[in-house]
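S.K.: Take this structure, written in structure tokens, and hold onto it; I'll ask about it next.
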Number of protein chains: 2
Amino acid sequence: MAAAAPQSVNFEEVSKAFTQHFYMTFDTNREGLASLYTDQSLMTYEGTQIMGQAAIMNKYRSLGFNQAKHNIKTQDAHPNPLQPNAVIVFVTGDLQIEGQEYPMKFAEVFHLVQTGASFIIANHIFRLNIG
Amino acid sequence: MAAAAPQSVNFEEVSKAFTQHFYMTFDTNREGLASLYTDQSLMTYEGTQIMGQAAIMNKYRSLGFNQAKHNIKTQDAHPNPLQPNAVIVFVTGDLQIEGQEYPMKFAEVFHLVQTGASFIIANHIFRLNIG
């Protein structure tokens, strides 16, 4: 990702830099998300389990909409007590999809792990919070 | 928690046993949640950061309602790739609080870590998904 990792992880700063980068990239250049995932990354998207950068990017390409806008309402971050350079990020907000009149509530969690000078997404779980 | 940890962690089974136990305990005997937390547990409840079993239980006692009912809509589980005996659990659903006409959407994430024969909550982030 764009934000360089500090020498000693400040989980709040990592979380803010990550979410800013992630949602801006999702909403303006979805293909750019690829660099955030590795072949070991795990994603669950609305209940569908996906593993690895290639499969995850295929999922992003098949979402059925091109334009989306995320409006972040809350963002919480935790250190992972088992791993000094890992951060848990939890986000809730509204997702506005092109052609839909109203935005939808969503919630998602990211488990970020420092690899070299940056962070990758080890775990990613997304859910709409509707119905 | 009630469910014994298997020799090799099945993250789906751990997640199901945990969520069943957690929400039944929350809704029928909130004090019983204490055994799920340690002095190192981290909780963020609606943006308020809390550390340790004692402070977390004080938070549970100060929620302002006695009776609640969780209706789980989705439950997703991931292994923690950095730690063989840790599980990430993500839940969305409806929370019905006594005296309120309508339930509220909520979402929360748990990072569970095996300690001996059972699992404790290392990280817990809760958010209402409203407004």
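Chain lettering (A, B, ...) mirrors the order of the structure tokens, residue numbering begins at 1 for each chain separately, and ligand numbering begins at 1 in order of display.
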Any chance you could fit chain B onto chain A with least squares, all Cα atoms in order, and share the moved copy as a compact mmCIF listing (two decimals) with N, CA and C atoms, in the first residue's frame?
M.R.:
# COMPACT_ATOMS: atom_id res chain seq x y z
N MET B 1 0.79 -1.11 0.00
CA MET B 1 -0.04 0.07 0.04
C MET B 1 0.83 1.32 0.04
N ALA B 2 0.19 2.46 -0.08
CA ALA B 2 0.92 3.70 -0.26
C ALA B 2 1.69 4.10 1.00
N ALA B 3 1.07 3.87 2.15
CA ALA B 3 1.68 4.37 3.39
C ALA B 3 2.85 3.49 3.81
N ALA B 4 3.98 4.10 4.05
CA ALA B 4 5.13 3.34 4.52
C ALA B 4 4.90 2.94 5.97
N ALA B 5 5.37 1.78 6.32
CA ALA B 5 5.20 1.30 7.69
C ALA B 5 6.22 1.97 8.60
N PRO B 6 5.78 2.45 9.74
CA PRO B 6 6.73 3.05 10.68
C PRO B 6 7.60 1.96 11.33
N GLN B 7 8.67 2.39 11.96
CA GLN B 7 9.57 1.42 12.60
C GLN B 7 8.83 0.63 13.68
N SER B 8 8.11 1.35 14.50
CA SER B 8 7.27 0.70 15.50
C SER B 8 5.83 0.99 15.12
N VAL B 9 5.04 -0.05 14.99
CA VAL B 9 3.70 0.12 14.41
C VAL B 9 2.81 0.94 15.32
N ASN B 10 2.28 2.04 14.77
CA ASN B 10 1.22 2.79 15.44
C ASN B 10 -0.08 2.33 14.78
N PHE B 11 -0.83 1.50 15.50
CA PHE B 11 -1.95 0.84 14.84
C PHE B 11 -3.02 1.82 14.40
N GLU B 12 -3.18 2.93 15.12
CA GLU B 12 -4.17 3.92 14.71
C GLU B 12 -3.75 4.59 13.40
N GLU B 13 -2.48 4.93 13.31
CA GLU B 13 -2.00 5.59 12.08
C GLU B 13 -2.05 4.64 10.90
N VAL B 14 -1.66 3.39 11.15
CA VAL B 14 -1.71 2.40 10.07
C VAL B 14 -3.14 2.25 9.57
N SER B 15 -4.08 2.16 10.51
CA SER B 15 -5.48 1.98 10.14
C SER B 15 -6.00 3.16 9.33
N LYS B 16 -5.68 4.37 9.76
CA LYS B 16 -6.16 5.56 9.03
C LYS B 16 -5.58 5.62 7.63
N ALA B 17 -4.28 5.39 7.53
CA ALA B 17 -3.63 5.44 6.21
C ALA B 17 -4.19 4.34 5.31
N PHE B 18 -4.38 3.16 5.89
CA PHE B 18 -4.90 2.05 5.10
C PHE B 18 -6.31 2.34 4.59
N THR B 19 -7.20 2.73 5.47
CA THR B 19 -8.59 2.90 5.04
C THR B 19 -8.71 4.02 4.01
N GLN B 20 -7.95 5.09 4.21
CA GLN B 20 -7.98 6.17 3.23
C GLN B 20 -7.55 5.64 1.86
N HIS B 21 -6.44 4.89 1.86
CA HIS B 21 -5.91 4.36 0.61
C HIS B 21 -6.87 3.32 0.01
N PHE B 22 -7.39 2.42 0.84
CA PHE B 22 -8.22 1.32 0.33
C PHE B 22 -9.48 1.85 -0.35
N TYR B 23 -10.20 2.74 0.33
CA TYR B 23 -11.50 3.15 -0.22
C TYR B 23 -11.34 4.12 -1.38
N MET B 24 -10.30 4.95 -1.35
CA MET B 24 -10.05 5.81 -2.51
C MET B 24 -9.72 4.95 -3.73
N THR B 25 -8.91 3.91 -3.51
CA THR B 25 -8.55 3.03 -4.62
C THR B 25 -9.76 2.25 -5.11
N PHE B 26 -10.55 1.70 -4.19
CA PHE B 26 -11.76 0.96 -4.57
C PHE B 26 -12.66 1.84 -5.43
N ASP B 27 -12.84 3.08 -5.02
CA ASP B 27 -13.83 3.95 -5.67
C ASP B 27 -13.32 4.59 -6.95
N THR B 28 -11.99 4.61 -7.16
CA THR B 28 -11.47 5.31 -8.35
C THR B 28 -10.66 4.42 -9.28
N ASN B 29 -10.12 3.31 -8.77
CA ASN B 29 -9.24 2.47 -9.59
C ASN B 29 -9.16 1.09 -8.95
N ARG B 30 -10.26 0.32 -9.10
CA ARG B 30 -10.39 -0.91 -8.33
C ARG B 30 -9.23 -1.89 -8.59
N GLU B 31 -8.70 -1.89 -9.81
CA GLU B 31 -7.57 -2.78 -10.13
C GLU B 31 -6.36 -2.49 -9.24
N GLY B 32 -6.28 -1.28 -8.76
CA GLY B 32 -5.16 -0.90 -7.91
C GLY B 32 -5.15 -1.59 -6.55
N LEU B 33 -6.25 -2.26 -6.22
CA LEU B 33 -6.29 -2.99 -4.93
C LEU B 33 -5.40 -4.22 -4.94
N ALA B 34 -5.00 -4.69 -6.12
CA ALA B 34 -4.26 -5.95 -6.23
C ALA B 34 -3.01 -5.96 -5.35
N SER B 35 -2.34 -4.83 -5.28
CA SER B 35 -1.06 -4.81 -4.55
C SER B 35 -1.24 -4.96 -3.05
N LEU B 36 -2.49 -4.89 -2.58
CA LEU B 36 -2.75 -5.05 -1.14
C LEU B 36 -2.89 -6.51 -0.73
N TYR B 37 -3.02 -7.42 -1.72
CA TYR B 37 -3.24 -8.83 -1.43
C TYR B 37 -2.05 -9.67 -1.88
N THR B 38 -1.86 -10.80 -1.23
CA THR B 38 -0.85 -11.77 -1.65
C THR B 38 -1.55 -13.08 -2.02
N ASP B 39 -0.77 -14.06 -2.42
CA ASP B 39 -1.36 -15.36 -2.78
C ASP B 39 -1.93 -16.07 -1.56
N GLN B 40 -1.56 -15.62 -0.36
CA GLN B 40 -2.08 -16.24 0.86
C GLN B 40 -3.26 -15.47 1.47
N SER B 41 -3.60 -14.33 0.89
CA SER B 41 -4.68 -13.52 1.47
C SER B 41 -6.00 -14.27 1.44
N LEU B 42 -6.76 -14.12 2.52
CA LEU B 42 -8.09 -14.73 2.62
C LEU B 42 -9.15 -13.63 2.60
N MET B 43 -10.17 -13.82 1.76
CA MET B 43 -11.28 -12.89 1.73
C MET B 43 -12.57 -13.67 1.84
N THR B 44 -13.52 -13.13 2.60
CA THR B 44 -14.89 -13.63 2.54
C THR B 44 -15.77 -12.45 2.18
N TYR B 45 -16.40 -12.56 1.01
CA TYR B 45 -17.20 -11.46 0.48
C TYR B 45 -18.66 -11.91 0.44
N GLU B 46 -19.45 -11.35 1.32
CA GLU B 46 -20.87 -11.74 1.40
C GLU B 46 -21.03 -13.25 1.49
N GLY B 47 -20.16 -13.88 2.27
CA GLY B 47 -20.26 -15.31 2.52
C GLY B 47 -19.47 -16.19 1.57
N THR B 48 -18.93 -15.61 0.50
CA THR B 48 -18.13 -16.39 -0.45
C THR B 48 -16.66 -16.34 -0.06
N GLN B 49 -16.06 -17.51 0.15
CA GLN B 49 -14.67 -17.58 0.58
C GLN B 49 -13.75 -17.62 -0.62
N ILE B 50 -12.72 -16.78 -0.60
CA ILE B 50 -11.80 -16.61 -1.73
C ILE B 50 -10.39 -16.55 -1.18
N MET B 51 -9.45 -17.18 -1.87
CA MET B 51 -8.07 -17.15 -1.41
C MET B 51 -7.14 -16.71 -2.53
N GLY B 52 -6.27 -15.76 -2.23
CA GLY B 52 -5.21 -15.38 -3.15
C GLY B 52 -5.54 -14.17 -3.99
N GLN B 53 -4.51 -13.42 -4.32
CA GLN B 53 -4.65 -12.16 -5.05
C GLN B 53 -5.45 -12.32 -6.34
N ALA B 54 -5.11 -13.35 -7.14
CA ALA B 54 -5.75 -13.48 -8.45
C ALA B 54 -7.25 -13.72 -8.31
N ALA B 55 -7.63 -14.64 -7.43
CA ALA B 55 -9.06 -14.94 -7.25
C ALA B 55 -9.79 -13.75 -6.63
N ILE B 56 -9.12 -13.05 -5.75
CA ILE B 56 -9.74 -11.87 -5.14
C ILE B 56 -9.98 -10.79 -6.19
N MET B 57 -9.01 -10.57 -7.06
CA MET B 57 -9.20 -9.56 -8.11
C MET B 57 -10.29 -9.97 -9.08
N ASN B 58 -10.40 -11.26 -9.37
CA ASN B 58 -11.52 -11.72 -10.21
C ASN B 58 -12.86 -11.42 -9.54
N LYS B 59 -12.90 -11.59 -8.23
CA LYS B 59 -14.12 -11.27 -7.50
C LYS B 59 -14.44 -9.78 -7.63
N TYR B 60 -13.41 -8.95 -7.45
CA TYR B 60 -13.65 -7.51 -7.57
C TYR B 60 -14.17 -7.13 -8.96
N ARG B 61 -13.70 -7.87 -9.99
CA ARG B 61 -14.14 -7.56 -11.36
C ARG B 61 -15.55 -8.05 -11.64
N SER B 62 -16.06 -8.94 -10.80
CA SER B 62 -17.37 -9.54 -11.07
C SER B 62 -18.46 -9.02 -10.14
N LEU B 63 -18.24 -7.89 -9.52
CA LEU B 63 -19.20 -7.40 -8.53
C LEU B 63 -20.49 -6.90 -9.17
N GLY B 64 -20.45 -6.63 -10.47
CA GLY B 64 -21.69 -6.23 -11.14
C GLY B 64 -21.92 -4.73 -11.15
N PHE B 65 -20.95 -3.97 -10.69
CA PHE B 65 -21.06 -2.51 -10.80
C PHE B 65 -19.66 -1.95 -11.02
N ASN B 66 -19.63 -0.83 -11.72
CA ASN B 66 -18.33 -0.19 -11.98
C ASN B 66 -18.05 0.94 -11.01
N GLN B 67 -19.05 1.75 -10.76
CA GLN B 67 -18.84 2.92 -9.91
C GLN B 67 -19.45 2.70 -8.54
N ALA B 68 -18.66 2.98 -7.53
CA ALA B 68 -19.14 2.87 -6.16
C ALA B 68 -18.53 4.00 -5.34
N LYS B 69 -19.22 4.36 -4.29
CA LYS B 69 -18.66 5.36 -3.38
C LYS B 69 -18.88 4.90 -1.96
N HIS B 70 -17.79 4.76 -1.20
CA HIS B 70 -17.87 4.39 0.21
C HIS B 70 -17.87 5.65 1.06
N ASN B 71 -18.80 5.69 1.98
CA ASN B 71 -18.86 6.79 2.95
C ASN B 71 -18.60 6.16 4.33
N ILE B 72 -17.40 6.36 4.84
CA ILE B 72 -17.00 5.71 6.10
C ILE B 72 -17.66 6.43 7.28
N LYS B 73 -18.33 5.63 8.13
CA LYS B 73 -18.97 6.20 9.31
C LYS B 73 -18.12 5.97 10.56
N THR B 74 -17.60 4.77 10.71
CA THR B 74 -16.76 4.47 11.87
C THR B 74 -15.55 3.66 11.42
N GLN B 75 -14.47 3.84 12.17
CA GLN B 75 -13.24 3.10 11.87
C GLN B 75 -12.55 2.83 13.20
N ASP B 76 -12.38 1.57 13.53
CA ASP B 76 -11.73 1.20 14.79
C ASP B 76 -10.51 0.34 14.47
N ALA B 77 -9.47 0.49 15.27
CA ALA B 77 -8.24 -0.27 15.05
C ALA B 77 -7.77 -0.89 16.36
N HIS B 78 -7.22 -2.08 16.24
CA HIS B 78 -6.61 -2.78 17.38
C HIS B 78 -5.24 -3.29 16.98
N PRO B 79 -4.31 -3.32 17.90
CA PRO B 79 -3.11 -4.12 17.67
C PRO B 79 -3.47 -5.60 17.77
N ASN B 80 -2.73 -6.44 17.07
CA ASN B 80 -2.86 -7.89 17.24
C ASN B 80 -1.88 -8.29 18.32
N PRO B 81 -2.38 -8.72 19.48
CA PRO B 81 -1.47 -8.96 20.61
C PRO B 81 -0.52 -10.12 20.35
N LEU B 82 -0.82 -10.94 19.35
CA LEU B 82 0.03 -12.09 19.06
C LEU B 82 1.15 -11.75 18.10
N GLN B 83 1.08 -10.58 17.46
CA GLN B 83 2.02 -10.26 16.39
C GLN B 83 2.26 -8.76 16.41
N PRO B 84 3.47 -8.32 16.71
CA PRO B 84 3.71 -6.89 16.90
C PRO B 84 3.39 -6.04 15.67
N ASN B 85 3.57 -6.60 14.48
CA ASN B 85 3.40 -5.80 13.28
C ASN B 85 2.13 -6.13 12.51
N ALA B 86 1.10 -6.46 13.23
CA ALA B 86 -0.20 -6.74 12.60
C ALA B 86 -1.27 -5.87 13.26
N VAL B 87 -2.26 -5.48 12.47
CA VAL B 87 -3.29 -4.55 12.92
C VAL B 87 -4.65 -5.07 12.45
N ILE B 88 -5.63 -4.97 13.34
CA ILE B 88 -7.01 -5.31 12.99
C ILE B 88 -7.78 -4.01 12.78
N VAL B 89 -8.43 -3.89 11.63
CA VAL B 89 -9.16 -2.67 11.27
C VAL B 89 -10.62 -3.06 11.03
N PHE B 90 -11.52 -2.30 11.63
CA PHE B 90 -12.95 -2.58 11.52
C PHE B 90 -13.65 -1.32 11.05
N VAL B 91 -14.39 -1.43 9.96
CA VAL B 91 -15.00 -0.26 9.33
C VAL B 91 -16.49 -0.49 9.15
N THR B 92 -17.28 0.54 9.42
CA THR B 92 -18.70 0.52 9.03
C THR B 92 -18.99 1.79 8.23
N GLY B 93 -19.98 1.71 7.38
CA GLY B 93 -20.33 2.89 6.59
C GLY B 93 -21.42 2.60 5.60
N ASP B 94 -21.55 3.52 4.64
CA ASP B 94 -22.56 3.41 3.59
C ASP B 94 -21.86 3.16 2.26
N LEU B 95 -22.43 2.30 1.47
CA LEU B 95 -21.91 2.01 0.14
C LEU B 95 -22.97 2.42 -0.89
N GLN B 96 -22.60 3.41 -1.69
CA GLN B 96 -23.49 3.88 -2.75
C GLN B 96 -23.01 3.29 -4.07
N ILE B 97 -23.87 2.52 -4.71
CA ILE B 97 -23.53 1.88 -5.98
C ILE B 97 -24.28 2.58 -7.10
N GLU B 98 -23.60 2.71 -8.23
CA GLU B 98 -24.19 3.41 -9.38
C GLU B 98 -25.54 2.82 -9.73
N GLY B 99 -26.48 3.68 -10.01
CA GLY B 99 -27.79 3.24 -10.45
C GLY B 99 -28.74 2.87 -9.33
N GLN B 100 -28.25 2.84 -8.11
CA GLN B 100 -29.13 2.53 -6.97
C GLN B 100 -29.50 3.83 -6.26
N GLU B 101 -30.75 3.91 -5.89
CA GLU B 101 -31.23 5.17 -5.32
C GLU B 101 -30.64 5.45 -3.94
N TYR B 102 -30.52 4.39 -3.14
CA TYR B 102 -30.10 4.59 -1.75
C TYR B 102 -28.80 3.84 -1.46
N PRO B 103 -27.98 4.38 -0.59
CA PRO B 103 -26.78 3.63 -0.18
C PRO B 103 -27.17 2.47 0.74
N MET B 104 -26.26 1.50 0.84
CA MET B 104 -26.47 0.34 1.72
C MET B 104 -25.45 0.37 2.85
N LYS B 105 -25.87 -0.06 4.02
CA LYS B 105 -24.95 -0.20 5.16
C LYS B 105 -24.01 -1.37 4.90
N PHE B 106 -22.74 -1.18 5.22
CA PHE B 106 -21.80 -2.29 5.15
C PHE B 106 -20.92 -2.28 6.39
N ALA B 107 -20.28 -3.42 6.63
CA ALA B 107 -19.28 -3.53 7.69
C ALA B 107 -18.22 -4.49 7.19
N GLU B 108 -16.97 -4.20 7.52
CA GLU B 108 -15.92 -5.12 7.09
C GLU B 108 -14.72 -5.03 8.03
N VAL B 109 -13.98 -6.12 8.05
CA VAL B 109 -12.81 -6.21 8.91
C VAL B 109 -11.61 -6.59 8.05
N PHE B 110 -10.47 -5.97 8.38
CA PHE B 110 -9.20 -6.26 7.72
C PHE B 110 -8.18 -6.66 8.79
N HIS B 111 -7.42 -7.68 8.49
CA HIS B 111 -6.27 -8.02 9.33
C HIS B 111 -5.04 -7.72 8.48
N LEU B 112 -4.32 -6.67 8.86
CA LEU B 112 -3.18 -6.18 8.09
C LEU B 112 -1.88 -6.70 8.71
N VAL B 113 -0.96 -7.08 7.86
CA VAL B 113 0.33 -7.58 8.33
C VAL B 113 1.45 -6.84 7.61
N GLN B 114 2.40 -6.37 8.40
CA GLN B 114 3.53 -5.66 7.81
C GLN B 114 4.44 -6.65 7.09
N THR B 115 4.76 -6.30 5.85
CA THR B 115 5.72 -7.10 5.08
C THR B 115 6.70 -6.12 4.47
N GLY B 116 7.90 -6.10 5.01
CA GLY B 116 8.88 -5.12 4.55
C GLY B 116 8.43 -3.72 4.93
N ALA B 117 8.34 -2.84 3.95
CA ALA B 117 8.05 -1.44 4.23
C ALA B 117 6.57 -1.12 4.17
N SER B 118 5.72 -2.11 3.92
CA SER B 118 4.30 -1.80 3.77
C SER B 118 3.44 -2.89 4.42
N PHE B 119 2.14 -2.71 4.32
CA PHE B 119 1.20 -3.66 4.91
C PHE B 119 0.39 -4.35 3.82
N ILE B 120 0.13 -5.63 4.01
CA ILE B 120 -0.76 -6.35 3.11
C ILE B 120 -1.98 -6.82 3.91
N ILE B 121 -3.02 -7.19 3.17
CA ILE B 121 -4.25 -7.68 3.80
C ILE B 121 -4.13 -9.19 3.93
N ALA B 122 -4.01 -9.68 5.15
CA ALA B 122 -3.96 -11.13 5.38
C ALA B 122 -5.38 -11.70 5.40
N ASN B 123 -6.30 -10.97 6.03
CA ASN B 123 -7.70 -11.40 6.15
C ASN B 123 -8.62 -10.22 5.84
N HIS B 124 -9.70 -10.51 5.14
CA HIS B 124 -10.66 -9.47 4.75
C HIS B 124 -12.05 -10.10 4.71
N ILE B 125 -12.94 -9.59 5.53
CA ILE B 125 -14.32 -10.10 5.54
C ILE B 125 -15.26 -8.92 5.34
N PHE B 126 -16.12 -9.03 4.33
CA PHE B 126 -17.04 -7.96 3.97
C PHE B 126 -18.48 -8.44 4.08
N ARG B 127 -19.34 -7.61 4.65
CA ARG B 127 -20.77 -7.92 4.70
C ARG B 127 -21.57 -6.63 4.52
N LEU B 128 -22.59 -6.71 3.69
CA LEU B 128 -23.65 -5.73 3.75
C LEU B 128 -24.43 -5.97 5.04
N ASN B 129 -24.87 -4.91 5.68
CA ASN B 129 -25.61 -5.05 6.93
C ASN B 129 -27.03 -4.57 6.71
N ILE B 130 -27.76 -5.40 5.99
CA ILE B 130 -29.11 -5.04 5.55
C ILE B 130 -30.04 -6.23 5.74
N GLY B 131 -31.31 -5.99 5.57
CA GLY B 131 -32.29 -7.09 5.50
C GLY B 131 -32.60 -7.71 6.83
S.K.: Can you check which residues of range 13-128 of chain B DSSP gives as alpha helix (DSSP H) on the backbone and send them as a ChimeraX atom specification?
M.R.: /B:13-28,53-61
S.K.: From range 67-125 of chain A, collect each residue whose DSSP state is strand (DSSP E) and return the set as a VMD selection string.
M.R.: chain A and resid 68 to 79 86 to 97 104 to 115 118 to 125
